[in-house]
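Raw contents of my_file34.csv, CSV, N, CA and C atoms:
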chain,number,residue,atom,x,y,z
A,1,MET,N,-56.4,-135.5,137.9
A,1,MET,CA,-57.0,-135.8,136.6
A,1,MET,C,-58.0,-134.7,136.2
A,2,PHE,N,-58.8,-134.2,137.1
A,2,PHE,CA,-59.8,-133.2,136.7
A,2,PHE,C,-59.1,-131.8,136.7
A,3,ALA,N,-58.0,-131.7,137.4
A,3,ALA,CA,-57.3,-130.4,137.5
A,3,ALA,C,-56.8,-129.9,136.1
A,4,ASN,N,-56.4,-130.9,135.3
A,4,ASN,CA,-55.9,-130.6,134.0
A,4,ASN,C,-57.0,-130.1,133.0
A,5,LEU,N,-58.3,-130.3,133.4
A,5,LEU,CA,-59.4,-129.9,132.5
A,5,LEU,C,-59.5,-128.3,132.5
A,6,PHE,N,-59.0,-127.7,133.5
A,6,PHE,CA,-59.1,-126.2,133.6
A,6,PHE,C,-57.8,-125.5,133.3
A,7,ILE,N,-56.8,-126.2,132.9
A,7,ILE,CA,-55.6,-125.5,132.5
A,7,ILE,C,-55.7,-125.3,131.0
A,8,PRO,N,-55.6,-124.0,130.5
A,8,PRO,CA,-55.8,-123.8,129.1
A,8,PRO,C,-54.6,-124.3,128.3
A,9,PRO,N,-54.8,-124.9,127.2
A,9,PRO,CA,-53.7,-125.3,126.4
A,9,PRO,C,-53.1,-124.1,125.7
A,10,PRO,N,-51.8,-124.2,125.2
A,10,PRO,CA,-51.2,-123.1,124.5
A,10,PRO,C,-51.9,-122.9,123.2
A,11,LEU,N,-52.1,-121.6,122.9
A,11,LEU,CA,-52.8,-121.3,121.6
A,11,LEU,C,-51.8,-121.6,120.4
A,12,THR,N,-52.2,-122.3,119.5
A,12,THR,CA,-51.4,-122.5,118.3
A,12,THR,C,-52.3,-122.1,117.1
A,13,PRO,N,-51.7,-121.8,116.0
A,13,PRO,CA,-52.5,-121.4,114.8
A,13,PRO,C,-53.5,-122.4,114.4
A,14,ALA,N,-53.2,-123.7,114.6
A,14,ALA,CA,-54.1,-124.8,114.2
A,14,ALA,C,-55.3,-124.8,115.2
A,15,ARG,N,-55.1,-124.6,116.5
A,15,ARG,CA,-56.2,-124.5,117.5
A,15,ARG,C,-57.1,-123.3,117.2
A,16,ILE,N,-56.5,-122.2,116.9
A,16,ILE,CA,-57.2,-121.0,116.6
A,16,ILE,C,-58.1,-121.2,115.4
A,17,ARG,N,-57.5,-121.7,114.3
A,17,ARG,CA,-58.2,-121.9,113.1
A,17,ARG,C,-59.4,-122.9,113.3
A,18,SER,N,-59.1,-124.0,114.0
A,18,SER,CA,-60.1,-125.0,114.3
A,18,SER,C,-61.3,-124.4,115.2
A,19,ALA,N,-60.9,-123.6,116.1
A,19,ALA,CA,-62.0,-123.0,117.0
A,19,ALA,C,-62.9,-122.0,116.2
A,20,TYR,N,-62.3,-121.2,115.3
A,20,TYR,CA,-63.1,-120.4,114.4
A,20,TYR,C,-64.0,-121.2,113.5
A,21,ILE,N,-63.5,-122.2,112.9
A,21,ILE,CA,-64.3,-123.1,112.0
A,21,ILE,C,-65.4,-123.7,112.8
A,22,VAL,N,-65.1,-124.3,113.9
A,22,VAL,CA,-66.2,-124.9,114.7
A,22,VAL,C,-67.3,-123.9,115.1
A,23,ALA,N,-66.9,-122.7,115.5
A,23,ALA,CA,-67.9,-121.7,115.9
A,23,ALA,C,-68.7,-121.3,114.7
A,24,ALA,N,-68.1,-121.1,113.5
A,24,ALA,CA,-68.8,-120.6,112.3
A,24,ALA,C,-69.8,-121.7,111.9
A,25,VAL,N,-69.3,-123.0,111.9
A,25,VAL,CA,-70.2,-124.1,111.5
A,25,VAL,C,-71.4,-124.2,112.4
A,26,GLY,N,-71.1,-124.1,113.7
A,26,GLY,CA,-72.2,-124.2,114.7
A,26,GLY,C,-73.2,-123.1,114.6
A,27,ASP,N,-72.7,-121.9,114.4
A,27,ASP,CA,-73.7,-120.7,114.2
A,27,ASP,C,-74.4,-120.9,112.9
A,28,ALA,N,-73.8,-121.4,111.9
A,28,ALA,CA,-74.5,-121.6,110.6
A,28,ALA,C,-75.6,-122.6,110.7
A,29,LEU,N,-75.3,-123.7,111.4
A,29,LEU,CA,-76.2,-124.8,111.6
A,29,LEU,C,-77.4,-124.3,112.4
A,30,GLN,N,-77.2,-123.5,113.5
A,30,GLN,CA,-78.3,-123.0,114.3
A,30,GLN,C,-79.1,-122.0,113.5
A,31,LEU,N,-78.5,-121.2,112.6
A,31,LEU,CA,-79.2,-120.3,111.8
A,31,LEU,C,-80.1,-121.0,110.8
A,32,ALA,N,-79.5,-122.1,110.2
A,32,ALA,CA,-80.3,-122.9,109.3
A,32,ALA,C,-81.5,-123.6,110.0
A,33,LEU,N,-81.3,-124.1,111.2
A,33,LEU,CA,-82.3,-124.8,111.9
A,33,LEU,C,-83.3,-123.9,112.6
A,34,GLY,N,-83.0,-122.7,112.8
A,34,GLY,CA,-83.8,-121.7,113.5
A,34,GLY,C,-85.3,-121.6,112.9
A,35,PRO,N,-85.4,-121.4,111.6
A,35,PRO,CA,-86.8,-121.3,111.1
A,35,PRO,C,-87.6,-122.5,111.2
A,36,LEU,N,-87.0,-123.7,111.4
A,36,LEU,CA,-87.7,-124.9,111.5
A,36,LEU,C,-88.4,-125.0,112.9
A,37,GLY,N,-87.9,-124.3,113.8
A,37,GLY,CA,-88.6,-124.3,115.2
A,37,GLY,C,-88.2,-125.4,116.0
A,38,TRP,N,-87.1,-126.2,115.6
A,38,TRP,CA,-86.7,-127.3,116.4
A,38,TRP,C,-85.8,-126.8,117.6
A,39,VAL,N,-86.2,-127.1,118.8
A,39,VAL,CA,-85.5,-126.6,119.9
A,39,VAL,C,-84.3,-127.5,120.3
A,40,TRP,N,-84.6,-128.8,120.4
A,40,TRP,CA,-83.6,-129.8,120.9
A,40,TRP,C,-82.3,-129.8,120.1
A,41,PRO,N,-82.4,-129.8,118.7
A,41,PRO,CA,-81.2,-129.8,118.0
A,41,PRO,C,-80.3,-128.6,118.3
A,42,ASP,N,-80.9,-127.4,118.5
A,42,ASP,CA,-80.2,-126.2,118.9
A,42,ASP,C,-79.4,-126.4,120.2
A,43,GLN,N,-80.1,-127.0,121.2
A,43,GLN,CA,-79.4,-127.2,122.5
A,43,GLN,C,-78.3,-128.3,122.4
A,44,VAL,N,-78.5,-129.3,121.5
A,44,VAL,CA,-77.5,-130.3,121.3
A,44,VAL,C,-76.2,-129.6,120.7
A,45,ILE,N,-76.5,-128.8,119.7
A,45,ILE,CA,-75.4,-128.1,119.0
A,45,ILE,C,-74.7,-127.2,120.0
A,46,ASP,N,-75.4,-126.5,120.9
A,46,ASP,CA,-74.8,-125.7,121.9
A,46,ASP,C,-73.9,-126.5,122.9
A,47,VAL,N,-74.4,-127.6,123.3
A,47,VAL,CA,-73.6,-128.5,124.2
A,47,VAL,C,-72.3,-128.9,123.5
A,48,VAL,N,-72.5,-129.4,122.3
A,48,VAL,CA,-71.3,-129.9,121.5
A,48,VAL,C,-70.3,-128.7,121.3
A,49,LEU,N,-70.8,-127.6,120.9
A,49,LEU,CA,-69.9,-126.4,120.7
A,49,LEU,C,-69.2,-126.0,122.0
A,50,MET,N,-69.9,-126.0,123.1
A,50,MET,CA,-69.2,-125.6,124.3
A,50,MET,C,-68.1,-126.6,124.7
A,51,ILE,N,-68.4,-127.9,124.5
A,51,ILE,CA,-67.4,-128.9,124.9
A,51,ILE,C,-66.2,-128.8,123.9
A,52,VAL,N,-66.4,-128.7,122.6
A,52,VAL,CA,-65.4,-128.6,121.6
A,52,VAL,C,-64.5,-127.4,121.8
A,53,GLN,N,-65.1,-126.2,122.1
A,53,GLN,CA,-64.4,-125.0,122.3
A,53,GLN,C,-63.6,-125.1,123.6
A,54,TRP,N,-64.1,-125.8,124.6
A,54,TRP,CA,-63.4,-126.0,125.9
A,54,TRP,C,-62.2,-126.8,125.6
A,55,ARG,N,-62.3,-127.8,124.8
A,55,ARG,CA,-61.1,-128.7,124.5
A,55,ARG,C,-60.1,-127.9,123.6
A,56,LEU,N,-60.6,-127.1,122.7
A,56,LEU,CA,-59.6,-126.4,121.8
A,56,LEU,C,-59.0,-125.2,122.5
A,57,LEU,N,-59.7,-124.4,123.2
A,57,LEU,CA,-59.2,-123.2,123.8
A,57,LEU,C,-59.0,-123.3,125.3
A,58,GLY,N,-59.5,-124.3,126.0
A,58,GLY,CA,-59.4,-124.4,127.4
A,58,GLY,C,-60.7,-123.7,128.0
A,59,PHE,N,-61.0,-124.0,129.2
A,59,PHE,CA,-62.1,-123.4,129.9
A,59,PHE,C,-62.0,-121.9,130.0
A,60,HIS,N,-63.0,-121.2,129.7
A,60,HIS,CA,-63.0,-119.7,130.0
A,60,HIS,C,-64.4,-119.4,130.4
A,61,PRO,N,-64.5,-118.5,131.4
A,61,PRO,CA,-65.9,-118.2,132.0
A,61,PRO,C,-66.8,-117.6,130.9
A,62,LEU,N,-66.3,-117.0,129.8
A,62,LEU,CA,-67.2,-116.5,128.8
A,62,LEU,C,-68.0,-117.6,128.1
A,63,LEU,N,-67.5,-118.8,128.1
A,63,LEU,CA,-68.3,-119.9,127.5
A,63,LEU,C,-69.6,-120.1,128.1
A,64,LEU,N,-69.7,-120.0,129.4
A,64,LEU,CA,-71.0,-120.2,130.2
A,64,LEU,C,-72.1,-119.3,129.8
A,65,PRO,N,-71.8,-117.9,129.8
A,65,PRO,CA,-72.9,-117.0,129.5
A,65,PRO,C,-73.3,-117.2,128.0
A,66,THR,N,-72.4,-117.5,127.1
A,66,THR,CA,-72.8,-117.8,125.7
A,66,THR,C,-73.7,-119.0,125.6
A,67,PHE,N,-73.4,-120.0,126.4
A,67,PHE,CA,-74.2,-121.2,126.4
A,67,PHE,C,-75.6,-120.9,126.9
A,68,ILE,N,-75.7,-120.1,127.9
A,68,ILE,CA,-77.0,-119.7,128.5
A,68,ILE,C,-77.7,-118.8,127.6
A,69,LEU,N,-77.0,-117.9,127.0
A,69,LEU,CA,-77.6,-116.9,126.1
A,69,LEU,C,-78.3,-117.6,124.9
A,70,GLU,N,-77.7,-118.7,124.5
A,70,GLU,CA,-78.2,-119.4,123.3
A,70,GLU,C,-79.6,-120.1,123.6
A,71,LEU,N,-80.0,-120.2,124.9
A,71,LEU,CA,-81.2,-120.8,125.2
A,71,LEU,C,-82.4,-119.9,124.9
A,72,PHE,N,-82.2,-118.6,124.8
A,72,PHE,CA,-83.3,-117.7,124.6
A,72,PHE,C,-83.7,-117.6,123.1
A,73,PRO,N,-85.0,-117.6,122.8
A,73,PRO,CA,-85.4,-117.5,121.4
A,73,PRO,C,-84.9,-116.2,120.7
A,74,MET,N,-84.7,-116.3,119.5
A,74,MET,CA,-84.2,-115.2,118.6
A,74,MET,C,-82.8,-114.7,118.9
A,75,VAL,N,-82.3,-114.9,120.1
A,75,VAL,CA,-80.9,-114.5,120.4
A,75,VAL,C,-80.0,-115.6,119.8
A,76,ASP,N,-80.5,-116.8,119.7
A,76,ASP,CA,-79.7,-117.9,119.2
A,76,ASP,C,-79.5,-117.7,117.7
A,77,MET,N,-80.2,-116.8,117.1
A,77,MET,CA,-80.0,-116.5,115.6
A,77,MET,C,-78.7,-115.6,115.4
A,78,LEU,N,-78.2,-115.0,116.5
A,78,LEU,CA,-77.0,-114.2,116.4
A,78,LEU,C,-75.8,-115.1,116.4
A,79,PRO,N,-74.7,-114.7,115.8
A,79,PRO,CA,-73.4,-115.5,115.8
A,79,PRO,C,-72.7,-115.4,117.1
A,80,THR,N,-73.4,-115.8,118.2
A,80,THR,CA,-72.8,-115.6,119.5
A,80,THR,C,-71.6,-116.5,119.8
A,81,TRP,N,-71.6,-117.7,119.2
A,81,TRP,CA,-70.4,-118.6,119.4
A,81,TRP,C,-69.2,-118.1,118.7
A,82,PHE,N,-69.4,-117.5,117.5
A,82,PHE,CA,-68.2,-116.9,116.8
A,82,PHE,C,-67.7,-115.7,117.6
A,83,GLY,N,-68.6,-114.9,118.1
A,83,GLY,CA,-68.1,-113.7,118.8
A,83,GLY,C,-67.4,-114.1,120.1
A,84,CYS,N,-68.0,-115.1,120.8
A,84,CYS,CA,-67.4,-115.6,122.1
A,84,CYS,C,-66.0,-116.2,121.8
A,85,THR,N,-65.9,-116.9,120.7
A,85,THR,CA,-64.6,-117.5,120.3
A,85,THR,C,-63.6,-116.4,120.0
A,86,ALA,N,-64.0,-115.4,119.3
A,86,ALA,CA,-63.0,-114.3,119.0
A,86,ALA,C,-62.6,-113.6,120.2
A,87,LEU,N,-63.5,-113.4,121.2
A,87,LEU,CA,-63.1,-112.7,122.4
A,87,LEU,C,-62.2,-113.6,123.3
A,88,VAL,N,-62.5,-114.9,123.4
A,88,VAL,CA,-61.7,-115.8,124.2
A,88,VAL,C,-60.3,-115.9,123.6
A,89,ILE,N,-60.2,-116.0,122.3
A,89,ILE,CA,-58.9,-116.1,121.7
A,89,ILE,C,-58.1,-114.8,121.9
A,90,THR,N,-58.7,-113.7,121.8
A,90,THR,CA,-58.0,-112.4,122.0
A,90,THR,C,-57.5,-112.3,123.4
A,91,LEU,N,-58.4,-112.6,124.4
A,91,LEU,CA,-58.0,-112.6,125.8
A,91,LEU,C,-56.9,-113.6,126.1
A,92,ARG,N,-56.9,-114.8,125.5
A,92,ARG,CA,-55.9,-115.8,125.7
A,92,ARG,C,-54.6,-115.4,125.1
A,93,LYS,N,-54.6,-114.8,123.9
A,93,LYS,CA,-53.4,-114.3,123.3
A,93,LYS,C,-52.7,-113.2,124.1
A,94,ASN,N,-53.5,-112.3,124.6
A,94,ASN,CA,-53.0,-111.2,125.4
A,94,ASN,C,-52.3,-111.8,126.7
A,95,LYS,N,-53.0,-112.7,127.3
A,95,LYS,CA,-52.5,-113.3,128.5
A,95,LYS,C,-51.2,-114.1,128.2
A,96,GLN,N,-51.2,-114.9,127.1
A,96,GLN,CA,-50.1,-115.7,126.7
A,96,GLN,C,-48.9,-114.8,126.4
A,97,ASN,N,-49.1,-113.7,125.7
A,97,ASN,CA,-48.0,-112.8,125.3
A,97,ASN,C,-47.5,-112.1,126.5
A,98,ALA,N,-48.3,-111.8,127.5
A,98,ALA,CA,-47.9,-111.1,128.7
A,98,ALA,C,-47.1,-112.0,129.6
A,99,ALA,N,-47.4,-113.3,129.5
A,99,ALA,CA,-46.7,-114.3,130.4
A,99,ALA,C,-45.4,-114.7,129.7
A,100,ALA,N,-45.2,-114.5,128.4
A,100,ALA,CA,-44.0,-115.0,127.8
A,100,ALA,C,-42.8,-114.1,128.2
A,101,PRO,N,-41.7,-114.7,128.5
A,101,PRO,CA,-40.5,-113.9,128.9
A,101,PRO,C,-40.1,-113.0,127.8
A,102,PRO,N,-39.6,-111.8,128.1
A,102,PRO,CA,-39.1,-110.9,127.0
A,102,PRO,C,-37.9,-111.5,126.4
A,103,VAL,N,-37.8,-111.3,125.1
A,103,VAL,CA,-36.7,-111.8,124.3
A,103,VAL,C,-35.5,-110.8,124.5
A,104,PRO,N,-34.4,-111.3,124.9
A,104,PRO,CA,-33.2,-110.4,125.1
A,104,PRO,C,-32.7,-109.9,123.7
A,105,PRO,N,-32.2,-108.7,123.7
A,105,PRO,CA,-31.7,-108.2,122.4
A,105,PRO,C,-30.5,-108.9,122.0
A,106,GLN,N,-30.3,-109.1,120.7
A,106,GLN,CA,-29.2,-109.8,120.2
A,106,GLN,C,-28.0,-108.9,120.3
A,107,MET,N,-26.9,-109.5,120.9
A,107,MET,CA,-25.7,-108.7,121.0
A,107,MET,C,-24.7,-109.2,119.9
A,108,GLU,N,-24.1,-108.2,119.3
A,108,GLU,CA,-23.1,-108.6,118.3
A,108,GLU,C,-21.8,-108.9,119.0
A,109,PRO,N,-21.0,-109.8,118.5
A,109,PRO,CA,-19.7,-110.1,119.1
A,109,PRO,C,-18.8,-108.9,119.1
A,110,PRO,N,-18.0,-108.8,120.1
A,110,PRO,CA,-17.1,-107.6,120.1
A,110,PRO,C,-16.1,-107.7,119.0
A,111,VAL,N,-15.8,-106.5,118.5
A,111,VAL,CA,-14.9,-106.4,117.3
A,111,VAL,C,-13.5,-105.9,117.9
A,112,GLU,N,-12.5,-106.7,117.5
A,112,GLU,CA,-11.2,-106.3,118.0
A,112,GLU,C,-10.7,-105.1,117.2
A,113,PRO,N,-10.0,-104.2,117.9
A,113,PRO,CA,-9.5,-103.0,117.1
A,113,PRO,C,-8.4,-103.5,116.2
A,114,PRO,N,-8.2,-102.8,115.1
A,114,PRO,CA,-7.1,-103.2,114.2
A,114,PRO,C,-5.7,-103.0,114.8
A,115,ARG,N,-4.8,-103.9,114.5
A,115,ARG,CA,-3.5,-103.8,115.1
A,115,ARG,C,-2.6,-102.9,114.2
A,116,LEU,N,-1.8,-102.1,114.8
A,116,LEU,CA,-0.9,-101.3,114.1
A,116,LEU,C,0.4,-102.1,113.8
A,117,LEU,N,0.9,-101.9,112.6
A,117,LEU,CA,2.1,-102.6,112.2
A,117,LEU,C,3.3,-101.7,112.6
A,118,LYS,N,4.3,-102.3,113.3
A,118,LYS,CA,5.5,-101.6,113.7
A,118,LYS,C,6.5,-101.8,112.6
A,119,GLY,N,7.1,-100.8,112.2
A,119,GLY,CA,8.0,-101.1,111.1
A,119,GLY,C,9.2,-100.3,111.0
Conversion result in structure tokens:
Amino acid sequence: MFANLFIPPPLTPARIRSAYIVAAVGDALQLALGPLGWVWPDQVIDVVLMIVQWRLLGFHPLLLPTFILELFPMVDMLPTWFGCTALVITLRKNKQNAAAPPVPPQMEPPVEPPRLLKG
């Protein structure tokens, strides 16, 4: 049951698009809440973002430092979730493309030579 939590799902365009949207909205919310000085909403947003990104992209070790980095004042004003999401997607795409079997070249059917007429 828990072993499946660490197996990354295959990247699809919908998952990638959703991950970017979630990261952008989360960073925008944190940027908007930053001047108010509210600490707890920022941490709640970070926890939610980490869980949602984990479910969309699968667990990746880069999610943990990003989560911890967001705890520091002024650093949380940077779009760290969006940057982390872009990096995780790039790494997953490279790994997924490397693991995919190569596509064999298409072979054309053999052409029979023309027959000579005897006459």
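CA of Ala99 in chain A is found 26.3 Å from atom N of Phe82 in chain A.
With CA of Asn94 in chain A on one side and CA of Leu11 in chain A on the other, the separation reads 10.8 Å.
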Got a sec: who's within 8 Å of Ser18 in chain A, counting all atoms listed in the file, leaving out chain neighbours fewer than 5 positions off, as number ranges by chain? A: 12-13, 23-24, 52-53, 56
Hey, what's within 9 Å of Trp81 in chain A if we count only C-alpha atoms and toss same-chain stuff fewer than 5 positions away? As a ChimeraX atom specification, please? /A:22-24,26-27,46,49-50,63,66-67,70,86
Enumerate, as JSON, numbers by chain, the complete set of residues in chain A that a backbone-based DSSP assignment places in alpha helix (DSSP H). {"A": [13, 14, 15, 16, 17, 18, 19, 20, 21, 22, 23, 24, 25, 26, 27, 28, 29, 30, 31, 32, 33, 40, 41, 42, 43, 44, 45, 46, 47, 48, 49, 50, 51, 52, 53, 54, 55, 56, 57, 63, 64, 65, 66, 67, 68, 69, 80, 81, 82, 83, 84, 85, 86, 87, 88, 89, 90, 91, 92, 93, 94, 95, 96, 97, 98, 99]}
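Among the candidates A:Trp40, A:Tyr20, A:Phe72, A:Phe59, the residue lying nearest to Asn4 in chain A is A:Phe59 (atoms considered: only C-alpha atoms).
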Å distance separating CA of Leu71 in chain A from CA of Thr85 in chain A, one decimal place: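 Pair CA of Leu71 in chain A / CA of Thr85 in chain A returns 17.6 Å.
Counting only C-alpha atoms, His60 in chain A has the following residues at most 9 Å away, ignoring those fewer than 2 positions along the same chain: A:Phe6, A:Pro8, A:Trp54, A:Leu57, A:Gly58, A:Leu62, A:Leu63, A:Leu64, A:Val88.
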Which residue out of A:Pro109, A:Pro10, A:Pro65, A:Pro41 has the minimum interatomic distance to Thr80 in chain A when only C-alpha atoms are used? A:Pro65
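Proximity ranking of A:Gln106, A:Gln43, A:Thr90, A:Gln96 relative to Gln30 in chain A places A:Gln43 first, based on only C-alpha atoms.
Distance annotation: of A:Val47, A:Pro61, A:Pro79, A:Arg55, the residue with the minimal separation from Leu91 in chain A is A:Pro61; atom set is only C-alpha atoms.
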